[in-house]
Amino acid sequence: MDLLVTLAVLTLQIVLLFNVVMFIVLALVWLERKVLGRVHQRMGPMRVGPHGTLQSLADGIKLLLKEDLAPSSAERFAFLLAPLLVFAPSFLVFVAIPFTRDIVVRNLALGLVYFVAVSSLSTVGMVLAGWSSSNKYALIGAARTAAQLISYEIPLVLVVLSVAMLGGTLDLRGLVESQGQAGPYVLWQPLGALIFIMAALAEVFRPPFDIPVAESEVLGGPMIEYSGMRWGLFFMAEYGNAFAFSALFVLLFLGGWQGPLLPPILWFLLKTSAVILVFFWMRAAMPRLRIDQLMGFAWEVLLPFAFLNLFLTGVVQLYRWPLWSLSLLSLTGLLALGYVVERGRVTWRRSPSLAS
Amino acid sequence: MATFPFAGVLKSLWVTLRTAVRKPVTVQYPTVRVPYAPRMRGFPALIWDDAVGEHFCTGCQVCARYCPTNAIFVTMKNNPLNQTGQSPRRKIVNQFYLDYGRCIQCKICVDVCNFDAIEMSHETEFSEWDKRALIFDVRDLLHMETLANPRTKQVVTRR
C-alpha cells in the first residue's frame, strides 16, 4: 500500500514537472521568436492567438501529426533511441532544481554534481543520433558536439567548483541560502559568472556557440535526418537545457529565489527570464564562431581564466581576506579576459588550413 | 589595436539593443497595408480616351512584339468612329489578351507603346486556382479596379 502511494505521488510529481517543462519550452520558443523579430525590426509571430502566443502550440501539433520517418540506411534502433537520450537528461535536471525553498522535486545533497553530470549526458544522445543517421553532416555535427562538450565542460565545472567553495556546499538549496547572508555571488565572482555564461551557451548549443547544429554549415547537425516529433524532442531538449542552465545561473550567482517584496517563485522566474533574455540577445547580436576558434577559445582563454577564478577564490578563503577583495581581484580578471577577447577579435585567428 | 575590454561584444549587444527598441517596420499585410509608391509597377492595364470614348490602343502590336515573355496577343480592326468622323484613329484595338501568369511586370510594353495606351497599374493581387483565369481580355484590362481586390481600388489614369 505504501509503495502504491509512493508510486502515485512520484507519478503525479513527474507528470506535473513534465507539464511545467513543456509549458516553459513552448513559452521560450515563442519568446525567442518575438525577441529575434524585434531585433530584426519585425513583429515575430502574430497570427495564432493574441500576439502569436499560441504559435509554438500550433507548431507542436503540426510536429505531432507529421510522419515519423527514418532513413533506410540508418541504424534503426539507435536512430529511434537517440532523441529520447537527448531529451531525457534535459528533463531529468529539473528534478534537482529548487524553484523555491519548498518547490523542488528532490533536493539532493549533491545537487550541483547531479546537475553537471546529467546535463552533459545529452551529448551521448547527440553523438548517437549523428552516428546512426548515416549522414555525413550528422556525423560532422556529432563530432563537433563531442569536441565542444569536452572543451566547455571543464571551465564550467571549474567555475561551479569555485562557487561551491564560496558556499561550502554542493546542495543547491544550501548554496542559495548561503547567498542570503553573503549577497549574490555575481558580486563576489563576476569573472566566474561570465565564464559560466559563456560555457553554458556552448553547453546548450546556443549562438554564438551553436556550431554542432549550425544550419548554414551542417544543416542542423545530428538532427538533420529527423522529422516530426522525434525532431521535436531535440528541439524541446535544446530549450529545456537553455532554461535549466539559466536556472542554474540564477541559483549559483543571482541568489536564487531570494528577493524583497515579491513571492520567492516569482523572483526565481523573473531572474531566470532575465538570464534567458540575455541568451536570446546574444543569439541576435553575435555571429557564429568557427570550430577551431571555439576550441581555441575554450582551451587557451576560458580554461586558464577558470583556473584563475578558482585560484583567487581559494587564496581569498585560505587567508581569510574580506570578500570585497575577491570582488576586486575577480573584476580585474574579468577585465583581463575582456582584453584577451577583444584582442582575439581584432587579430582574427586564421583557419588552420590557410595558416601555412 | 586592442582597446577596450569586450569592445566588440559590447558594441554588438548595443546595436541589437537599439534596433530591438525601435518600432517594427513590417506590418500585418492583408489587414494592414503600406501605401504603394506612385511609380510602383503592378500589372499593365489599358487606358480609355475619355474625349472620344474609345481606347487609346490602336492594336498596332508593338507591345506584343517587344513583350519578352509573349504575354500579349493583340489584333486590329478598322475604327467605325473614324468613318463617322468622331475619332482621329483610323484603326482601333479589336482583341487584346494579356496573360498575367506570364507577365513579368518589366514595363517594356509601356515604354514601346506609340500611343501611350498602356500603363502600369498598381494591381498585383490576382490569386487564382486556375492559371487560365489569369488571361485578361480587353474589357478586363480597362476595368481592372473592379477585378482586383476592392480594398486597393485603383483607377488607371494617364500620368
# chains A, B, ... in the order shown; residues from 1 in each chain; ligands from 1
$ residues_around --residues "stretch 91-101 of chain A" --least-positions-apart "6" --cutoff "9 Å" --atoms "only C-alpha atoms" --output "number ranges by chain"
A: 14, 17-18, 21, 107-108, 111-112, 114-116, 118-119, 172-173, 176-177, 237, 240-241, 244, 247-248, 251, 256-258, 264-265, 268-269
$ write_last_selection --atoms "C-alpha atoms" --output "compact mmCIF listing (two decimals), in the first residue's frame"
# COMPACT_ATOMS: atom_id res chain seq x y z
CA ILE A 14 6.71 13.68 -12.75
CA LEU A 17 7.04 18.59 -13.74
CA PHE A 18 6.76 17.40 -17.33
CA VAL A 21 8.81 21.91 -18.55
CA ASN A 107 16.59 18.33 -3.12
CA LEU A 108 19.81 16.37 -3.47
CA GLY A 111 22.57 18.64 -6.45
CA LEU A 112 25.33 20.55 -8.22
CA TYR A 114 23.96 15.78 -10.29
CA PHE A 115 23.13 18.75 -12.48
CA VAL A 116 26.50 18.91 -14.21
CA VAL A 118 23.17 14.67 -16.03
CA SER A 119 23.16 17.72 -18.27
CA LEU A 172 21.70 23.86 -4.44
CA ARG A 173 19.31 24.91 -1.69
CA VAL A 176 21.19 29.79 -2.38
CA GLU A 177 20.77 30.18 1.36
CA ALA A 237 15.68 19.33 -25.18
CA GLY A 240 14.75 22.78 -21.76
CA ASN A 241 18.53 22.82 -21.40
CA ALA A 244 17.90 24.67 -16.92
CA ALA A 247 18.08 28.48 -13.71
CA LEU A 248 21.43 27.17 -12.54
CA LEU A 251 20.83 29.64 -8.30
CA GLY A 256 18.04 32.07 -6.44
CA TRP A 257 14.53 32.80 -5.23
CA GLN A 258 15.60 35.39 -2.66
CA PRO A 264 10.03 33.65 -3.99
CA ILE A 265 8.72 31.73 -7.01
CA PHE A 268 13.09 32.93 -9.36
CA LEU A 269 11.11 33.10 -12.58
$ interface_residues --of "chain A" --to "chain B" --cutoff "9 Å" --atoms "only C-alpha atoms" --output "ChimeraX atom specification"
/A:35-43,46-47,281-282,284-286,334-347
$ write_last_selection --atoms "N, CA and C atoms" --output "mmCIF file, in the first residue's frame"
data_model
loop_
_atom_site.group_PDB
_atom_site.id
_atom_site.type_symbol
_atom_site.label_atom_id
_atom_site.label_comp_id
_atom_site.auth_asym_id
_atom_site.auth_seq_id
_atom_site.Cartn_x
_atom_site.Cartn_y
_atom_site.Cartn_z
ATOM 1 N N VAL A 35 11.648 38.036 -29.576
ATOM 2 C CA VAL A 35 12.824 38.872 -29.322
ATOM 3 C C VAL A 35 13.637 39.040 -30.602
ATOM 4 N N LEU A 36 13.861 37.891 -31.301
ATOM 5 C CA LEU A 36 14.629 37.967 -32.548
ATOM 6 C C LEU A 36 13.929 38.880 -33.544
ATOM 7 N N GLY A 37 12.606 38.751 -33.612
ATOM 8 C CA GLY A 37 11.846 39.573 -34.546
ATOM 9 C C GLY A 37 12.009 41.049 -34.241
ATOM 10 N N ARG A 38 11.937 41.383 -32.975
ATOM 11 C CA ARG A 38 12.044 42.797 -32.629
ATOM 12 C C ARG A 38 13.435 43.331 -32.922
ATOM 13 N N VAL A 39 14.460 42.491 -32.682
ATOM 14 C CA VAL A 39 15.815 42.934 -33.011
ATOM 15 C C VAL A 39 15.947 43.170 -34.504
ATOM 16 N N HIS A 40 15.259 42.308 -35.305
ATOM 17 C CA HIS A 40 15.290 42.494 -36.757
ATOM 18 C C HIS A 40 14.277 43.523 -37.216
ATOM 19 N N GLN A 41 13.609 44.178 -36.290
ATOM 20 C CA GLN A 41 12.524 45.124 -36.579
ATOM 21 C C GLN A 41 11.383 44.473 -37.332
ATOM 22 N N ARG A 42 11.168 43.192 -37.044
ATOM 23 C CA ARG A 42 9.958 42.524 -37.497
ATOM 24 C C ARG A 42 9.033 42.430 -36.295
ATOM 25 N N MET A 43 7.870 41.794 -36.499
ATOM 26 C CA MET A 43 6.952 41.621 -35.384
ATOM 27 C C MET A 43 7.067 40.234 -34.763
ATOM 28 N N MET A 46 2.498 36.581 -35.020
ATOM 29 C CA MET A 46 1.386 37.446 -34.638
ATOM 30 C C MET A 46 0.036 36.758 -34.851
ATOM 31 N N ARG A 47 -0.024 35.724 -35.687
ATOM 32 C CA ARG A 47 -1.308 35.250 -36.176
ATOM 33 C C ARG A 47 -2.050 34.362 -35.188
ATOM 34 N N TRP A 281 19.416 37.453 -26.567
ATOM 35 C CA TRP A 281 20.079 38.682 -27.008
ATOM 36 C C TRP A 281 21.419 38.347 -27.662
ATOM 37 N N MET A 282 22.155 37.445 -26.995
ATOM 38 C CA MET A 282 23.450 37.010 -27.537
ATOM 39 C C MET A 282 23.263 36.414 -28.932
ATOM 40 N N ALA A 284 20.991 37.111 -31.083
ATOM 41 C CA ALA A 284 20.720 38.153 -32.061
ATOM 42 C C ALA A 284 21.969 38.967 -32.363
ATOM 43 N N ALA A 285 22.876 39.069 -31.372
ATOM 44 C CA ALA A 285 23.972 40.025 -31.501
ATOM 45 C C ALA A 285 25.197 39.450 -32.194
ATOM 46 N N MET A 286 25.451 38.150 -32.025
ATOM 47 C CA MET A 286 26.775 37.668 -32.401
ATOM 48 C C MET A 286 26.757 36.630 -33.509
ATOM 49 N N LEU A 334 38.229 39.776 -14.870
ATOM 50 C CA LEU A 334 37.194 39.993 -15.888
ATOM 51 C C LEU A 334 37.695 40.929 -16.972
ATOM 52 N N LEU A 335 38.341 42.023 -16.527
ATOM 53 C CA LEU A 335 38.852 42.996 -17.493
ATOM 54 C C LEU A 335 39.940 42.360 -18.352
ATOM 55 N N ALA A 336 40.789 41.533 -17.706
ATOM 56 C CA ALA A 336 41.841 40.862 -18.462
ATOM 57 C C ALA A 336 41.235 39.937 -19.511
ATOM 58 N N LEU A 337 40.187 39.194 -19.115
ATOM 59 C CA LEU A 337 39.503 38.308 -20.061
ATOM 60 C C LEU A 337 38.926 39.125 -21.214
ATOM 61 N N GLY A 338 38.344 40.269 -20.860
ATOM 62 C CA GLY A 338 37.780 41.138 -21.890
ATOM 63 C C GLY A 338 38.842 41.618 -22.857
ATOM 64 N N TYR A 339 40.021 41.940 -22.308
ATOM 65 C CA TYR A 339 41.126 42.389 -23.154
ATOM 66 C C TYR A 339 41.532 41.286 -24.122
ATOM 67 N N VAL A 340 41.636 40.078 -23.588
ATOM 68 C CA VAL A 340 42.041 38.942 -24.433
ATOM 69 C C VAL A 340 41.007 38.698 -25.534
ATOM 70 N N VAL A 341 39.731 38.764 -25.147
ATOM 71 C CA VAL A 341 38.663 38.531 -26.131
ATOM 72 C C VAL A 341 38.720 39.585 -27.226
ATOM 73 N N GLU A 342 38.892 40.836 -26.799
ATOM 74 C CA GLU A 342 38.902 41.926 -27.767
ATOM 75 C C GLU A 342 40.112 41.812 -28.692
ATOM 76 N N ARG A 343 41.253 41.435 -28.119
ATOM 77 C CA ARG A 343 42.451 41.279 -28.918
ATOM 78 C C ARG A 343 42.269 40.135 -29.915
ATOM 79 N N GLY A 344 41.601 39.065 -29.443
ATOM 80 C CA GLY A 344 41.315 37.943 -30.326
ATOM 81 C C GLY A 344 40.421 38.346 -31.469
ATOM 82 N N ARG A 345 39.521 39.306 -31.206
ATOM 83 C CA ARG A 345 38.617 39.753 -32.258
ATOM 84 C C ARG A 345 39.364 40.579 -33.291
ATOM 85 N N VAL A 346 40.300 41.434 -32.789
ATOM 86 C CA VAL A 346 40.974 42.346 -33.707
ATOM 87 C C VAL A 346 42.003 41.596 -34.542
ATOM 88 N N THR A 347 42.814 40.766 -33.877
ATOM 89 C CA THR A 347 43.763 39.933 -34.633
ATOM 90 C C THR A 347 43.109 38.582 -34.849
#
$ residues_around --residues "A:Met295" --least-positions-apart "5" --cutoff "10 Å" --atoms "only C-alpha atoms" --output "PyMOL selection string"
chain A and resi 144+147-148+150-152+289-290+300-302
$ select_by_dssp --residues "stretch 46-228 of chain A" --states "alpha helix (DSSP H)" --output "ChimeraX atom specification"
/A:55-65,76-92,111-119,122-132,136-167,172-182,185-188,190-203,215-218,228
$ residues_around --residues "A:Thr145" --least-positions-apart "4" --cutoff "10 Å" --atoms "only C-alpha atoms" --output "number ranges by chain"
A: 123-124, 126-127, 130, 139-141, 149-151, 202-203, 205, 210-213, 221-222
$ residues_around --residues "A:Phe23" --least-positions-apart "4" --cutoff "12 Å" --atoms "only C-alpha atoms" --output "JSON, numbers by chain"
{"A": [16, 17, 18, 19, 27, 28, 29, 30, 53, 54, 56, 57, 60, 236, 239, 240, 243]}
$ write_last_selection --atoms "N, CA and C atoms" --output "compact mmCIF listing (two decimals), in the first residue's frame"
# COMPACT_ATOMS: atom_id res chain seq x y z
N LEU A 16 3.44 16.45 -13.41
CA LEU A 16 3.37 17.89 -13.15
C LEU A 16 4.63 18.58 -13.67
N LEU A 17 5.77 18.00 -13.33
CA LEU A 17 7.04 18.59 -13.74
C LEU A 17 7.15 18.61 -15.27
N PHE A 18 6.70 17.48 -15.87
CA PHE A 18 6.76 17.40 -17.33
C PHE A 18 5.93 18.51 -17.97
N ASN A 19 4.74 18.73 -17.39
CA ASN A 19 3.89 19.78 -17.94
C ASN A 19 4.51 21.16 -17.77
N ALA A 27 6.77 28.44 -24.15
CA ALA A 27 6.85 29.88 -23.91
C ALA A 27 8.19 30.43 -24.39
N LEU A 28 9.26 29.65 -24.17
CA LEU A 28 10.60 30.13 -24.57
C LEU A 28 10.71 30.23 -26.08
N VAL A 29 10.16 29.24 -26.79
CA VAL A 29 10.23 29.29 -28.25
C VAL A 29 9.53 30.54 -28.76
N TRP A 30 8.35 30.79 -28.20
CA TRP A 30 7.61 31.99 -28.60
C TRP A 30 8.42 33.24 -28.28
N THR A 53 0.86 34.07 -29.32
CA THR A 53 1.25 33.29 -28.14
C THR A 53 1.01 31.80 -28.32
N LEU A 54 0.08 31.43 -29.20
CA LEU A 54 -0.20 30.01 -29.38
C LEU A 54 0.58 29.41 -30.55
N SER A 56 3.71 28.41 -30.85
CA SER A 56 4.52 27.21 -30.56
C SER A 56 3.61 26.00 -30.36
N LEU A 57 2.43 26.23 -29.81
CA LEU A 57 1.48 25.13 -29.64
C LEU A 57 1.06 24.60 -31.01
N GLY A 60 3.79 22.63 -32.41
CA GLY A 60 3.88 21.33 -31.74
C GLY A 60 2.86 20.36 -32.30
N MET A 236 12.82 20.39 -28.00
CA MET A 236 12.42 20.62 -26.61
C MET A 236 13.62 20.48 -25.69
N TYR A 239 15.70 23.74 -25.69
CA TYR A 239 15.15 24.85 -24.90
C TYR A 239 15.04 24.50 -23.42
N GLY A 240 14.75 23.21 -23.16
CA GLY A 240 14.75 22.78 -21.76
C GLY A 240 16.11 22.98 -21.13
N PHE A 243 16.79 26.64 -20.47
CA PHE A 243 16.13 27.10 -19.24
C PHE A 243 16.85 26.56 -18.02
$ residues_around --residues "B:Leu81" --least-positions-apart "4" --cutoff "12 Å" --atoms "only C-alpha atoms" --output "PDB file with C-alpha atoms, in the first residue's frame"
ATOM      1  CA  VAL B  52     -13.593  60.332 -77.811  1.00  0.00           C
ATOM      2  CA  GLY B  53     -14.942  57.459 -75.811  1.00  0.00           C
ATOM      3  CA  GLU B  54     -12.666  54.676 -77.028  1.00  0.00           C
ATOM      4  CA  HIS B  55      -9.328  53.026 -76.383  1.00  0.00           C
ATOM      5  CA  LYS B  77      -9.768  46.435 -86.810  1.00  0.00           C
ATOM      6  CA  GLY B  85     -15.607  61.474 -88.260  1.00  0.00           C
ATOM      7  CA  GLN B  86     -15.843  61.213 -84.461  1.00  0.00           C
ATOM      8  CA  SER B  87     -12.329  59.838 -83.969  1.00  0.00           C
ATOM      9  CA  PRO B  88      -8.926  60.670 -85.459  1.00  0.00           C
ATOM     10  CA  ARG B  89      -7.881  56.972 -85.156  1.00  0.00           C
ATOM     11  CA  ARG B  90      -8.286  55.008 -88.385  1.00  0.00           C
ATOM     12  CA  LYS B  91      -7.548  51.707 -86.665  1.00  0.00           C
ATOM     13  CA  ILE B  92      -8.610  50.556 -83.223  1.00  0.00           C
TER      14      ILE B  92
END
$ residues_around --residues "stretch 126-136 of chain B" --least-positions-apart "5" --cutoff "7 Å" --atoms "only C-alpha atoms" --output "VMD selection string"
chain B and resid 97 to 101 141 148
$ select_by_dssp --residues "stretch 88-120 of chain B" --states "strand (DSSP E or B)" --output "list of chain:residue names"
B:Lys91, B:Ile92, B:Val93, B:Asn94, B:Gln95, B:Phe96, B:Tyr97, B:Leu98, B:Asp99, B:Ile118, B:Glu119, B:Met120
$ atom_distance --atom1 "atom CA of A:Ala214" --atom2 "atom CA of A:Arg230"
18.5 Å
$ decode --residues "stretch 204-249 of chain A" --atoms "C-alpha atoms" --output "tab-separated table (two decimals), in the first residue's frame"
chain	number	residue	atom	x	y	z
A	204	VAL	CA	23.31	24.19	-24.65
A	205	PHE	CA	24.41	24.91	-28.25
A	206	ARG	CA	23.14	28.47	-28.30
A	207	PRO	CA	24.67	31.00	-30.69
A	208	PRO	CA	27.43	32.13	-30.93
A	209	PHE	CA	28.44	28.58	-29.98
A	210	ASP	CA	25.83	26.64	-31.98
A	211	ILE	CA	28.50	25.06	-34.16
A	212	PRO	CA	27.31	21.42	-33.83
A	213	VAL	CA	23.80	22.29	-35.00
A	214	ALA	CA	24.69	25.16	-37.34
A	215	GLU	CA	22.04	25.35	-40.05
A	216	SER	CA	24.28	27.06	-42.57
A	217	GLU	CA	27.18	24.65	-42.12
A	218	VAL	CA	25.90	21.20	-41.18
A	219	LEU	CA	22.18	21.76	-41.77
A	220	GLY	CA	21.11	21.09	-38.21
A	221	GLY	CA	23.88	18.60	-37.42
A	222	PRO	CA	22.80	15.42	-35.66
A	223	MET	CA	19.09	16.11	-36.09
A	224	ILE	CA	19.29	16.52	-39.86
A	225	GLU	CA	17.51	13.25	-40.66
A	226	TYR	CA	14.84	13.58	-38.00
A	227	SER	CA	11.31	14.72	-38.63
A	228	GLY	CA	8.05	15.01	-36.77
A	229	MET	CA	8.03	14.62	-33.02
A	230	ARG	CA	11.45	12.98	-32.89
A	231	TRP	CA	12.85	16.22	-34.17
A	232	GLY	CA	10.55	17.98	-31.72
A	233	LEU	CA	12.24	16.09	-28.89
A	234	PHE	CA	15.62	17.55	-29.90
A	235	PHE	CA	14.02	20.94	-30.03
A	236	MET	CA	12.42	20.62	-26.61
A	237	ALA	CA	15.68	19.33	-25.18
A	238	GLU	CA	17.51	22.39	-26.50
A	239	TYR	CA	15.15	24.85	-24.90
A	240	GLY	CA	14.75	22.78	-21.76
A	241	ASN	CA	18.53	22.82	-21.40
A	242	ALA	CA	18.66	26.55	-22.00
A	243	PHE	CA	16.13	27.10	-19.24
A	244	ALA	CA	17.90	24.67	-16.92
A	245	PHE	CA	21.23	26.43	-17.34
A	246	SER	CA	19.77	29.88	-16.80
A	247	ALA	CA	18.08	28.48	-13.71
A	248	LEU	CA	21.43	27.17	-12.54
A	249	PHE	CA	22.99	30.57	-13.18
